[in-house]
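query39.csv, holding CSV, C-alpha atoms:
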chain,number,residue,atom,x,y,z
A,19,MET,CA,-2.2,13.3,15.3
A,20,PRO,CA,0.2,10.4,15.7
A,21,HIS,CA,-1.0,7.2,14.1
A,22,GLN,CA,1.5,4.8,15.5
A,23,HIS,CA,-1.1,3.4,18.0
A,24,ILE,CA,-3.2,2.2,15.1
A,25,ASP,CA,-2.4,-1.3,13.8
A,26,LEU,CA,-0.8,-1.2,10.4
A,27,ILE,CA,-3.0,-4.1,9.2
A,28,SER,CA,-6.0,-5.6,10.8
A,29,ALA,CA,-5.5,-9.3,10.4
A,30,SER,CA,-9.2,-10.1,10.4
A,31,ALA,CA,-10.1,-7.4,7.8
A,32,PHE,CA,-7.2,-8.6,5.7
A,33,ALA,CA,-8.3,-12.2,5.9
A,34,SER,CA,-11.8,-11.2,5.0
A,35,ALA,CA,-10.7,-9.3,2.0
A,36,ARG,CA,-8.5,-12.1,0.9
A,37,ALA,CA,-11.3,-14.7,1.3
A,38,GLU,CA,-13.8,-12.5,-0.6
A,39,LEU,CA,-11.4,-11.8,-3.5
A,40,GLY,CA,-10.3,-15.4,-3.7
A,41,GLY,CA,-8.2,-16.0,-6.8
A,42,GLN,CA,-8.4,-12.3,-7.8
A,43,PHE,CA,-6.7,-11.1,-4.7
A,44,ALA,CA,-3.2,-10.8,-6.1
A,45,ARG,CA,-4.4,-8.9,-9.2
A,46,ILE,CA,-6.6,-6.5,-7.1
A,47,LEU,CA,-3.7,-6.0,-4.7
A,48,GLY,CA,-1.5,-5.0,-7.7
A,49,TYR,CA,-4.2,-2.4,-8.7
A,50,PHE,CA,-4.1,-1.1,-5.1
A,51,ARG,CA,-0.3,-0.7,-5.3
A,52,GLU,CA,-0.6,1.2,-8.6
A,53,ASP,CA,-3.5,3.4,-7.5
A,54,GLY,CA,-1.9,4.0,-4.0
A,55,GLU,CA,1.4,5.1,-5.6
A,56,LYS,CA,-0.6,7.6,-7.7
A,57,SER,CA,-2.6,8.8,-4.7
A,58,VAL,CA,0.4,9.3,-2.5
A,59,ALA,CA,2.2,11.2,-5.2
A,60,ALA,CA,-0.9,13.4,-5.8
A,61,VAL,CA,-1.2,14.2,-2.1
A,62,GLU,CA,2.5,15.1,-2.0
A,63,LYS,CA,2.2,17.3,-5.1
A,64,ALA,CA,-0.9,19.0,-3.8
A,65,PHE,CA,0.8,19.7,-0.5
A,66,ARG,CA,3.9,21.2,-2.2
A,67,THR,CA,1.6,23.6,-3.9
A,68,ARG,CA,-0.4,24.1,-0.7
A,69,SER,CA,-3.6,23.2,-2.5
A,70,ALA,CA,-6.2,21.9,0.0
A,71,VAL,CA,-8.6,21.3,-2.9
A,72,ALA,CA,-6.2,19.0,-4.7
A,73,LEU,CA,-5.6,17.0,-1.5
A,74,VAL,CA,-9.2,15.8,-1.0
A,75,THR,CA,-9.7,13.4,-3.9
A,76,PRO,CA,-6.4,11.4,-3.7
A,77,ALA,CA,-6.7,11.2,0.1
A,78,HIS,CA,-10.3,10.1,-0.1
A,79,THR,CA,-9.5,7.4,-2.7
A,80,LEU,CA,-6.5,6.1,-0.6
A,81,LYS,CA,-8.6,6.1,2.5
A,82,GLY,CA,-11.3,3.8,1.0
A,83,GLU,CA,-8.9,1.5,-0.8
A,84,ALA,CA,-6.7,1.0,2.2
A,85,ALA,CA,-9.7,0.2,4.4
A,86,GLN,CA,-10.8,-2.5,2.0
A,87,PHE,CA,-7.6,-4.4,2.6
A,88,GLY,CA,-7.6,-3.8,6.4
A,89,ALA,CA,-4.8,-1.2,6.2
A,90,HIS,CA,-6.2,0.8,9.1
A,91,ARG,CA,-3.2,3.0,9.8
A,92,LEU,CA,-2.9,4.1,6.1
A,93,SER,CA,-6.6,4.6,6.0
A,94,ALA,CA,-6.5,6.7,9.1
A,95,ILE,CA,-3.7,8.9,7.8
A,96,ALA,CA,-5.5,9.4,4.5
A,97,GLU,CA,-8.8,10.2,6.4
A,98,GLU,CA,-7.0,12.9,8.5
A,99,ILE,CA,-5.6,14.5,5.3
A,100,GLU,CA,-9.0,14.5,3.7
A,101,ARG,CA,-10.8,15.9,6.8
A,102,ILE,CA,-8.3,18.7,7.4
A,103,ALA,CA,-8.1,19.5,3.7
A,104,ARG,CA,-11.9,19.9,3.6
A,105,ARG,CA,-11.8,22.1,6.7
A,106,CYS,CA,-9.0,24.2,5.1
A,107,ILE,CA,-11.2,24.7,2.0
A,108,GLU,CA,-14.2,25.8,4.0
A,109,SER,CA,-12.1,28.3,6.1
A,110,HIS,CA,-9.9,29.4,3.1
A,111,GLN,CA,-6.7,28.4,4.8
A,112,SER,CA,-3.5,26.7,3.7
A,113,PRO,CA,-3.1,23.1,4.8
A,114,GLU,CA,0.2,23.8,6.5
A,115,GLU,CA,-0.8,21.9,9.6
A,116,LEU,CA,-0.7,18.6,7.6
A,117,ILE,CA,3.1,18.6,7.1
A,118,GLU,CA,3.8,15.8,9.7
A,119,THR,CA,0.9,13.7,8.4
A,120,ILE,CA,2.0,14.1,4.8
A,121,VAL,CA,5.6,13.2,5.7
A,122,ALA,CA,4.3,10.0,7.4
A,123,LEU,CA,2.1,9.0,4.4
A,124,ARG,CA,4.7,7.5,2.0
A,125,PRO,CA,6.6,5.4,4.6
A,126,CYS,CA,3.2,4.1,5.9
A,127,PHE,CA,2.2,3.2,2.4
A,128,SER,CA,5.5,1.4,1.8
A,129,GLN,CA,5.3,-0.6,5.0
A,130,THR,CA,1.7,-1.5,4.3
A,131,MET,CA,2.4,-2.7,0.8
A,132,ALA,CA,5.4,-4.8,2.0
A,133,LEU,CA,3.2,-6.4,4.6
A,134,LEU,CA,0.3,-7.0,2.3
A,135,GLU,CA,2.5,-8.4,-0.5
A,136,GLU,CA,4.5,-10.7,1.8
A,137,ASP,CA,2.6,-13.8,0.8
A,138,PHE,CA,3.1,-13.1,-2.9
A,139,ALA,CA,6.8,-13.0,-3.1
A,140,PRO,CA,8.2,-15.5,-5.6
A,141,PRO,CA,9.6,-18.6,-3.9
A,142,PRO,CA,13.4,-18.9,-3.8
A,143,PRO,CA,14.8,-21.0,-6.6
A,144,ARG,CA,14.8,-24.7,-6.0
A,145,ARG,CA,18.1,-26.6,-5.8
A,146,VAL,CA,17.6,-29.9,-7.6
A,147,VAL,CA,19.9,-32.7,-6.7
A,148,ALA,CA,20.2,-35.6,-9.1
A,149,PHE,CA,22.1,-38.7,-7.9
A,150,GLY,CA,24.2,-36.7,-5.4
A,151,ARG,CA,25.2,-33.8,-7.7
A,152,LYS,CA,23.7,-30.3,-8.0
A,153,VAL,CA,21.8,-29.6,-11.1
A,154,ASP,CA,20.9,-26.1,-12.4
A,155,PRO,CA,17.1,-26.1,-12.5
A,156,SER,CA,17.0,-24.0,-15.6
A,157,LYS,CA,18.8,-26.8,-17.5
A,158,GLN,CA,16.8,-29.6,-16.1
A,159,GLY,CA,14.6,-31.5,-18.6
A,160,PHE,CA,11.3,-33.1,-18.0
A,161,GLY,CA,11.8,-35.8,-15.4
A,162,ARG,CA,15.5,-36.1,-15.7
A,163,ALA,CA,18.7,-34.1,-15.3
A,164,ILE,CA,20.4,-33.1,-18.6

In structure tokens, what does this structure look like?
Amino acid sequence: MPHQHIDLISASAFASARAELGGQFARILGYFREDGEKSVAAVEKAFRTRSAVALVTPAHTLKGEAAQFGAHRLSAIAEEIERIARRCIESHQSPEELIETIVALRPCFSQTMALLEEDFAPPPPRRVVAFGRKVDPSKQGFGRAI
């Protein structure tokens, strides 16, 4: 199932999460990145071994965490992986049909994280000008150029 028609990020859900988390937002987003990397890697590993059972938990985790940040496309991909993996477990089948979805997972995660972290990139270094000359900000003292 193609997921391209689903918004990568829901602006309203993202704004809501950001407002609710307040000053903790950047820290929690960092945890999401770490957990998400682990979940994506676990999904890929489980698929390589064709273990439907091992697909369920990381896909379920990623689905919920992505939804909390308004990452609807990532959440939908993870939900599809979880749903099909559960069906494969019940029918004792290999999760082969998930190959395209699994391949789409990591790029979607990377795009999602880039968009979510956009506001938290460090600002470019300031160029300080003192009396018409350029000053290296790392060599500037308090209140005056050195």

| In file coordinates, which residues lie within 12 Å of (-3.2, 5.7, -6.2) using all atoms listed in the file, given as a list in words? |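 The residues near that point, listed by chain and number, are Leu47, Gly48, Tyr49, Phe50, Arg51, Glu52, Asp53, Gly54, Glu55, Lys56, Ser57, Val58, Ala59, Ala60, Val61, Glu62, Thr75, Pro76, Ala77, His78, Thr79, Leu80, Lys81, Gly82, Glu83, Ala84, Ala96, Arg124 and Phe127 of chain A.
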
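Using all atoms listed in the file for every distance, the candidate list A:Leu73, A:Ala85, A:Ile102, A:Ala64 yields A:Ala85 as the residue closest to Ala35 in chain A.
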
| task | Might you pull out every residue within 12 Å of Ser30 in chain A, with only C-alpha atoms counted and same-chain residues fewer than 6 positions away left off, and present them as a ChimeraX atom specification? | result | /A:36-37,85-90

Could you save those same residues with C-alpha atoms as an mmCIF file, in the frame of the given file?
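Below you can see out_20.cif, which holds the result:
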data_model
loop_
_atom_site.group_PDB
_atom_site.id
_atom_site.type_symbol
_atom_site.label_atom_id
_atom_site.label_comp_id
_atom_site.auth_asym_id
_atom_site.auth_seq_id
_atom_site.Cartn_x
_atom_site.Cartn_y
_atom_site.Cartn_z
ATOM 1 C CA ARG A 36 -8.500 -12.100 0.900
ATOM 2 C CA ALA A 37 -11.300 -14.700 1.300
ATOM 3 C CA ALA A 85 -9.700 0.200 4.400
ATOM 4 C CA GLN A 86 -10.800 -2.500 2.000
ATOM 5 C CA PHE A 87 -7.600 -4.400 2.600
ATOM 6 C CA GLY A 88 -7.600 -3.800 6.400
ATOM 7 C CA ALA A 89 -4.800 -1.200 6.200
ATOM 8 C CA HIS A 90 -6.200 0.800 9.100
#

| Interatomic distance, CA of Ala103 in chain A to CA of Val74 in chain A (Å, one decimal) |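 Interatomic distance here is 6.1 Å.
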
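Distances here use only C-alpha atoms; by that measure, the residue among A:Ala132, A:Leu26, A:Ala31, A:Ala70 closest to Glu114 in chain A is A:Ala70.
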
| Using all atoms listed in the file, which residues sit within 12 Å of Gln111 in chain A once same-chain residues fewer than 4 positions away are excluded, as a ChimeraX atom specification? | /A:68-71,102-107,115-116

| Which residue out of A:Glu118, A:Ile24, A:Ser112, A:Leu134 has the minimum interatomic distance to Thr67 in chain A when all atoms listed in the file are used? |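 The answer is A:Ser112, which sits nearest to Thr67 in chain A.
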
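Distances here use only C-alpha atoms; by that measure, the residue among A:Thr130, A:Ala94, A:Ile99, A:Glu136 closest to Ala72 in chain A is A:Ile99.
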
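Proximity ranking of A:Glu38, A:Glu108, A:Glu98, A:Glu135 relative to Pro20 in chain A places A:Glu98 first, based on all atoms listed in the file.
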
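For the pair CA of Ile27 in chain A and CA of Ala122 in chain A, the interatomic distance is 16.0 Å.
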
| task | Could you check how far CA of Ser93 in chain A sits from CA of Met131 in chain A, in Å to one decimal? | result |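 One can read the CA of Ser93 in chain A to CA of Met131 in chain A distance as 12.7 Å.
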